[in-house]
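Engineer: Dropping in target-v1.pdb, which is PDB, C-alpha atoms:
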```pdb
ATOM      1  CA  MET N   7      -9.288  14.624 -11.364
ATOM      2  CA  ASN N   8     -11.555  13.336  -8.617
ATOM      3  CA  GLY N   9      -9.741  10.330  -7.208
ATOM      4  CA  PHE N  10      -7.581   7.342  -7.945
ATOM      5  CA  THR N  11      -7.896   3.790  -9.178
ATOM      6  CA  ILE N  12      -5.574   0.920  -8.306
ATOM      7  CA  ARG N  13      -5.197  -1.723 -10.992
ATOM      8  CA  GLU N  14      -2.824  -4.371 -12.310
ATOM      9  CA  ALA N  15       0.047  -2.906 -14.304
ATOM     10  CA  ARG N  16       0.152  -3.389 -18.057
ATOM     11  CA  ARG N  17       3.115  -3.527 -20.442
ATOM     12  CA  GLU N  18       2.381  -0.008 -21.660
ATOM     13  CA  ASP N  19       2.775   1.287 -18.080
ATOM     14  CA  CYS N  20       6.481   0.435 -17.979
ATOM     15  CA  ARG N  21       7.699   3.843 -19.101
ATOM     16  CA  GLU N  22       5.762   5.472 -16.266
ATOM     17  CA  ILE N  23       6.891   2.803 -13.804
ATOM     18  CA  ARG N  24      10.495   3.512 -14.800
ATOM     19  CA  ARG N  25       9.903   7.222 -14.114
ATOM     20  CA  LEU N  26       8.551   6.421 -10.660
ATOM     21  CA  ILE N  27      11.489   4.096  -9.969
ATOM     22  CA  GLN N  28      13.775   7.053 -10.603
ATOM     23  CA  GLU N  29      11.714   9.240  -8.275
ATOM     24  CA  LEU N  30      11.962   6.574  -5.578
ATOM     25  CA  ALA N  31      15.737   6.279  -6.051
ATOM     26  CA  SER N  32      16.131  10.045  -5.703
ATOM     27  CA  TYR N  33      13.942  10.062  -2.588
ATOM     28  CA  SER N  34      16.048   7.222  -1.154
ATOM     29  CA  GLN N  35      19.201   9.309  -1.819
ATOM     30  CA  TYR N  36      20.480   6.931  -4.514
ATOM     31  CA  PRO N  37      19.647   8.878  -7.704
ATOM     32  CA  GLU N  38      22.452   7.317  -9.773
ATOM     33  CA  ASP N  39      21.705   3.687  -8.926
ATOM     34  CA  PRO N  40      18.769   2.664 -11.158
ATOM     35  CA  ALA N  41      20.193   0.941 -14.251
ATOM     36  CA  ILE N  42      16.954  -0.719 -15.356
ATOM     37  CA  GLU N  43      15.487   0.373 -18.677
ATOM     38  CA  THR N  44      11.883   0.355 -19.838
ATOM     39  CA  ASP N  45      12.412  -2.513 -22.273
ATOM     40  CA  ILE N  46      13.863  -4.695 -19.504
ATOM     41  CA  LEU N  47      10.833  -3.997 -17.313
ATOM     42  CA  GLU N  48       8.591  -4.945 -20.229
ATOM     43  CA  GLU N  49      10.432  -8.212 -20.810
ATOM     44  CA  ASP N  50      10.857  -9.215 -17.179
ATOM     45  CA  GLY N  51       7.387  -8.299 -15.961
ATOM     46  CA  PHE N  52       5.221  -9.082 -18.953
ATOM     47  CA  ASN N  53       6.745 -12.217 -20.424
ATOM     48  CA  PRO N  54       3.724 -14.549 -20.498
ATOM     49  CA  GLU N  55       5.874 -17.647 -20.008
ATOM     50  CA  HIS N  56       7.659 -16.510 -16.843
ATOM     51  CA  PRO N  57       7.130 -13.022 -15.412
ATOM     52  CA  TYR N  58       9.762 -12.152 -12.822
ATOM     53  CA  PHE N  59       7.643  -9.537 -11.068
ATOM     54  CA  TYR N  60       4.089  -8.268 -10.733
ATOM     55  CA  CYS N  61       2.924  -4.741 -10.146
ATOM     56  CA  PHE N  62      -0.045  -2.672  -9.022
ATOM     57  CA  VAL N  63      -0.276   0.912 -10.236
ATOM     58  CA  ALA N  64      -2.375   3.871  -9.159
ATOM     59  CA  GLU N  65      -3.773   6.302 -11.690
ATOM     60  CA  ARG N  66      -6.218   9.164 -11.769
ATOM     61  CA  SER N  67      -9.870   8.285 -11.890
ATOM     62  CA  LEU N  68     -12.825  10.155 -13.296
ATOM     63  CA  GLU N  69     -15.052   8.504 -10.709
ATOM     64  CA  ASP N  70     -16.487  10.618  -7.893
ATOM     65  CA  SER N  71     -14.109  10.903  -4.953
ATOM     66  CA  GLY N  72     -14.883   9.252  -1.642
ATOM     67  CA  ASP N  73     -14.622   5.804  -0.146
ATOM     68  CA  ALA N  74     -16.632   4.088  -2.846
ATOM     69  CA  VAL N  75     -15.440   0.815  -4.395
ATOM     70  CA  VAL N  76     -16.118   0.530  -8.104
ATOM     71  CA  PRO N  77     -15.166  -2.019 -10.790
ATOM     72  CA  ASN N  78     -12.447  -1.029 -13.230
ATOM     73  CA  ASN N  79     -12.446  -1.873 -16.936
ATOM     74  CA  SER N  80     -11.208  -5.416 -16.321
ATOM     75  CA  GLY N  81     -14.071  -6.129 -13.928
ATOM     76  CA  GLU N  82     -11.843  -6.097 -10.843
ATOM     77  CA  PHE N  83     -12.745  -3.912  -7.913
ATOM     78  CA  SER N  84     -10.618  -0.822  -7.363
ATOM     79  CA  ASP N  85     -10.168   1.456  -4.379
ATOM     80  CA  ILE N  86     -11.238   5.029  -5.045
ATOM     81  CA  GLY N  87     -10.224   7.947  -2.849
ATOM     82  CA  ALA N  88      -9.306  11.609  -2.864
ATOM     83  CA  CYS N  89      -5.882  12.445  -4.237
ATOM     84  CA  GLY N  90      -4.030  15.579  -5.336
ATOM     85  CA  SER N  91      -2.280  16.011  -8.661
ATOM     86  CA  SER N  92       1.042  14.353  -9.384
ATOM     87  CA  ASN N  93       4.349  16.149  -8.951
ATOM     88  CA  THR N  94       4.446  16.864 -12.669
ATOM     89  CA  GLY N  95       2.037  19.717 -12.019
ATOM     90  CA  THR N  96      -0.445  18.548 -14.651
ATOM     91  CA  SER N  97      -4.081  18.011 -13.873
ATOM     92  CA  ASP N  98      -6.048  17.970 -17.120
ATOM     93  CA  ASP N  99      -7.684  14.846 -18.497
ATOM     94  CA  SER N 100      -5.101  14.537 -21.280
ATOM     95  CA  ASN N 101      -2.610  13.476 -18.595
ATOM     96  CA  ALA N 102      -4.919  10.929 -16.982
ATOM     97  CA  ASN N 103      -2.461   8.145 -17.880
ATOM     98  CA  ILE N 104       0.239   9.578 -15.587
ATOM     99  CA  LEU N 105       0.768   7.106 -12.762
ATOM    100  CA  LEU N 106       0.503   8.353  -9.193
ATOM    101  CA  GLY N 107       2.279   5.416  -7.586
ATOM    102  CA  TYR N 108       3.167   1.759  -7.869
ATOM    103  CA  ALA N 109       3.889  -1.366  -5.839
ATOM    104  CA  LEU N 110       6.183  -3.964  -7.400
ATOM    105  CA  TYR N 111       6.359  -7.450  -5.892
ATOM    106  CA  TYR N 112       7.348 -11.048  -6.634
ATOM    107  CA  TYR N 113       7.045 -14.499  -5.083
ATOM    108  CA  THR N 114       9.741 -16.144  -2.982
ATOM    109  CA  TYR N 115       9.895 -19.367  -0.997
ATOM    110  CA  SER N 116      10.641 -20.256   2.619
ATOM    111  CA  THR N 117      11.701 -23.788   3.521
ATOM    112  CA  TRP N 118      10.140 -23.168   6.927
ATOM    113  CA  LYS N 119       6.825 -21.635   5.877
ATOM    114  CA  GLY N 120       6.345 -22.212   2.145
ATOM    115  CA  LYS N 121       5.350 -19.636  -0.437
ATOM    116  CA  ALA N 122       5.988 -15.974   0.424
ATOM    117  CA  LEU N 123       5.689 -12.615  -1.271
ATOM    118  CA  TYR N 124       8.367  -9.909  -1.392
ATOM    119  CA  LEU N 125       7.433  -6.257  -1.853
ATOM    120  CA  GLU N 126      10.371  -4.696  -3.706
ATOM    121  CA  ASP N 127       9.023  -1.157  -4.127
ATOM    122  CA  LEU N 128       6.093   0.888  -2.894
ATOM    123  CA  TYR N 129       6.128   4.522  -3.958
ATOM    124  CA  ILE N 130       3.591   7.330  -4.098
ATOM    125  CA  THR N 131       4.442  10.525  -5.957
ATOM    126  CA  PRO N 132       4.717  13.518  -3.552
ATOM    127  CA  GLY N 133       1.557  15.299  -4.691
ATOM    128  CA  CYS N 134      -0.574  12.323  -3.660
ATOM    129  CA  ARG N 135       0.857  11.506  -0.263
ATOM    130  CA  GLY N 136      -1.220  11.809   2.876
ATOM    131  CA  GLN N 137      -4.452  10.966   1.083
ATOM    132  CA  GLY N 138      -4.648   7.227   1.806
ATOM    133  CA  LEU N 139      -3.258   6.071  -1.537
ATOM    134  CA  GLY N 140      -0.178   4.420  -0.035
ATOM    135  CA  SER N 141      -2.346   2.558   2.444
ATOM    136  CA  ALA N 142      -4.727   1.427  -0.271
ATOM    137  CA  ILE N 143      -2.033   0.101  -2.592
ATOM    138  CA  PHE N 144      -0.207  -1.637   0.288
ATOM    139  CA  ASN N 145      -3.460  -3.291   1.330
ATOM    140  CA  ARG N 146      -3.937  -4.511  -2.234
ATOM    141  CA  VAL N 147      -0.519  -6.206  -2.142
ATOM    142  CA  ALA N 148      -1.323  -7.750   1.254
ATOM    143  CA  LYS N 149      -4.626  -9.020  -0.123
ATOM    144  CA  ARG N 150      -2.809 -10.618  -3.065
ATOM    145  CA  ALA N 151      -0.399 -12.340  -0.666
ATOM    146  CA  PHE N 152      -3.269 -13.627   1.451
ATOM    147  CA  GLU N 153      -5.306 -14.859  -1.493
ATOM    148  CA  SER N 154      -2.199 -16.549  -2.956
ATOM    149  CA  ARG N 155      -1.878 -18.463   0.330
ATOM    150  CA  CYS N 156       1.477 -16.878   1.101
ATOM    151  CA  SER N 157       2.848 -17.417   4.596
ATOM    152  CA  ARG N 158       4.184 -13.859   4.845
ATOM    153  CA  LEU N 159       4.893 -10.546   3.131
ATOM    154  CA  ASP N 160       8.481  -9.305   3.355
ATOM    155  CA  PHE N 161      10.068  -5.952   2.493
ATOM    156  CA  ALA N 162      12.976  -3.713   3.475
ATOM    157  CA  VAL N 163      12.856  -0.110   4.700
ATOM    158  CA  LEU N 164      15.747   2.332   5.089
ATOM    159  CA  ASN N 165      16.384   3.129   8.756
ATOM    160  CA  TRP N 166      15.738   6.872   8.318
ATOM    161  CA  ASN N 167      12.526   6.460   6.335
ATOM    162  CA  PRO N 168       9.462   7.720   8.270
ATOM    163  CA  ALA N 169       7.431   5.057   6.443
ATOM    164  CA  ARG N 170       8.660   2.630   9.110
ATOM    165  CA  ASP N 171       5.899   3.906  11.389
ATOM    166  CA  PHE N 172       3.349   3.411   8.607
ATOM    167  CA  TYR N 173       4.349  -0.238   8.171
ATOM    168  CA  LYS N 174       4.390  -0.892  11.901
ATOM    169  CA  ALA N 175       0.861   0.485  12.102
ATOM    170  CA  LYS N 176      -0.083  -2.078   9.452
ATOM    171  CA  GLY N 177       1.174  -4.846  11.722
ATOM    172  CA  ALA N 178       4.658  -5.283  10.242
ATOM    173  CA  ILE N 179       7.455  -6.538  12.507
ATOM    174  CA  ASP N 180      11.043  -5.316  12.215
ATOM    175  CA  ILE N 181      12.723  -8.743  12.149
ATOM    176  CA  THR N 182      16.185  -7.190  12.531
ATOM    177  CA  GLU N 183      15.106  -5.846  15.915
ATOM    178  CA  GLU N 184      12.824  -8.702  16.935
ATOM    179  CA  GLU N 185      14.614 -11.762  15.562
ATOM    180  CA  GLY N 186      18.120 -10.568  14.689
ATOM    181  CA  TRP N 187      17.927 -11.315  10.963
ATOM    182  CA  HIS N 188      20.088  -9.160   8.698
ATOM    183  CA  HIS N 189      19.537  -8.759   4.977
ATOM    184  CA  TYR N 190      22.669  -9.399   2.889
ATOM    185  CA  ARG N 191      23.380  -8.840  -0.789
ATOM    186  CA  LEU N 192      25.920  -9.840  -3.432
ATOM    187  CA  ASP N 193      26.177  -7.332  -6.264
ATOM    188  CA  ARG N 194      26.949  -8.140  -9.884
ATOM    189  CA  GLU N 195      30.720  -7.873  -9.361
ATOM    190  CA  ALA N 196      30.647 -10.315  -6.440
ATOM    191  CA  LEU N 197      28.524 -12.752  -8.450
ATOM    192  CA  ALA N 198      30.968 -12.601 -11.363
ATOM    193  CA  LYS N 199      33.874 -13.373  -9.018
ATOM    194  CA  LEU N 200      32.148 -16.445  -7.599
ATOM    195  CA  ALA N 201      31.045 -17.618 -11.040
ATOM    196  CA  LEU N 202      34.688 -17.392 -12.159
ATOM    197  CA  GLU N 203      35.730 -19.556  -9.226
ATOM    198  CA  VAL N 204      33.180 -22.204 -10.281
ATOM    199  CA  ASN N 205      34.483 -22.105 -13.854
ATOM    200  CA  LYS N 206      38.069 -22.580 -12.626
ATOM    201  CA  VAL N 207      37.037 -25.620 -10.576
ATOM    202  CA  ASN N 208      35.246 -27.132 -13.546
ATOM    203  CA  VAL N 209      38.259 -26.622 -15.792
ATOM    204  CA  ASN N 210      40.599 -28.197 -13.235
ATOM    205  CA  ASN N 211      38.320 -31.214 -12.896
ATOM    206  CA  GLU N 212      38.159 -31.907 -16.625
TER
END
```
Could I get this file's structure written as structure tokens?
Structural biologist:
Amino acid sequence: MNGFTIREARREDCREIRRLIQELASYSQYPEDPAIETDILEEDGFNPEHPYFYCFVAERSLEDSGDAVVPNNSGEFSDIGACGSSNTGTSDDSNANILLGYALYYYTYSTWKGKALYLEDLYITPGCRGQGLGSAIFNRVAKRAFESRCSRLDFAVLNWNPARDFYKAKGAIDITEEEGWHHYRLDREALAKLALEVNKVNVNNE
């Protein structure tokens, strides 16, 4: 394996994406949290009527290593660079479909700025870190946001994650520090409780 190619994810990549999601959860110290299954990823990301997310993936390339830019099979241009083998320990061509990393994102909306893009996950398997692959796939997401006329690219990073320095070097601003914004979440249980309250109100009003 001489390098890597970044391309748009396909439906058949979902099993590998699910594997990388689990790796990311374990790295983030939440190994039991991922409940998503491959078939849900297939339905949610590759429903032609309304995909809920988009994804770039990185895979091994048979192209010569280096900083060359070459077209992939779809005619898009792909970043090629040196990269070690994945953490599975395999390196032969029969395992060329093993994904080395992924970036999963979706569109959001700001009433102040308009269309925005949210980067949910960016993960590179350990054997390929430090070779520029994370930078290349992040840049591809940023390029997509720019070309889609998004006003901004948002994402969250755990406070202990050394990747914070990587993102700051890319020009990212920690809005919790700079602007005082805090990211809040309602889980499924909290949503069910509020939905029940709405149902009770509707019944009482009938």
Engineer: Just how far from CA of Tyr58 (chain N) is CA of Lys176 (chain N), in Å to one decimal?
Structural biologist: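 Value for the CA of Lys176 (chain N)-CA of Tyr58 (chain N) distance: 26.4 Å.
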Engineer: Got a sec to resolve the PyMOL selection byres ((chain N and resi 161-164) around 9) on this structure and send the residues as a short mmCIF file (atom, residue, chain, number, x, y, z; two decimals) with C-alpha atoms, in the frame of the given file?
Structural biologist:
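Saved to result-v2.cif:
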```
data_model
loop_
_atom_site.label_atom_id
_atom_site.label_comp_id
_atom_site.auth_asym_id
_atom_site.auth_seq_id
_atom_site.Cartn_x
_atom_site.Cartn_y
_atom_site.Cartn_z
CA SER N 34 16.05 7.22 -1.15
CA LEU N 123 5.69 -12.62 -1.27
CA TYR N 124 8.37 -9.91 -1.39
CA LEU N 125 7.43 -6.26 -1.85
CA GLU N 126 10.37 -4.70 -3.71
CA ASP N 127 9.02 -1.16 -4.13
CA LEU N 159 4.89 -10.55 3.13
CA ASP N 160 8.48 -9.30 3.36
CA ASN N 165 16.38 3.13 8.76
CA TRP N 166 15.74 6.87 8.32
CA ASN N 167 12.53 6.46 6.34
CA PRO N 168 9.46 7.72 8.27
CA ALA N 169 7.43 5.06 6.44
CA ARG N 170 8.66 2.63 9.11
CA HIS N 189 19.54 -8.76 4.98
#
```
Engineer: Distance CA of Ile42 (chain N)-CA of Arg21 (chain N), one decimal place?
Structural biologist: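 Distance reported for this atom pair: 11.0 Å.
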Engineer: Between CA of Ser67 (chain N) and CA of Glu43 (chain N), measure the distance and give it in Å to one decimal.
Structural biologist: 27.4 Å
Engineer: Name the residues that the PyMOL selection byres ((chain N and resi 156) around 12) pulls out of this structure, and write them as a PyMOL selection string.
Structural biologist: chain N and resi 112-116+119-124+147-155+157-160
Engineer: So, counting only C-alpha atoms, which residue among N:Thr11, N:Asp180, N:Tyr190, N:Tyr111 is closest to Pro57 (chain N)?
Structural biologist: N:Tyr111
Engineer: In terms of the shortest atom-to-atom distance over all atoms listed in the file, which of N:Arg191, N:His56, N:Lys174, N:Arg13 is closest to Ile143 (chain N)?
Structural biologist: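 Closest to Ile143 (chain N) of all the choices is N:Arg13.
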Engineer: Can you turn the PyMOL selection byres ((chain N and resi 25) around 12) into a concrete residue list for this file, as a PyMOL selection string?
Structural biologist: chain N and resi 19-24+26-32+37+40+42-44+47+93-94+104-108+129-131
Engineer: Have a look at N:Asp171, N:Glu184, N:Glu49, N:Glu203 and name the one nearest to Arg16 (chain N); count all atoms listed in the file.
Structural biologist: N:Glu49
Engineer: Restricting the calculation to all atoms listed in the file: of N:Ala15, N:Ala109, N:Ile181, N:Ala196, which residue gets closest to Asn145 (chain N)?
Structural biologist: N:Ala109
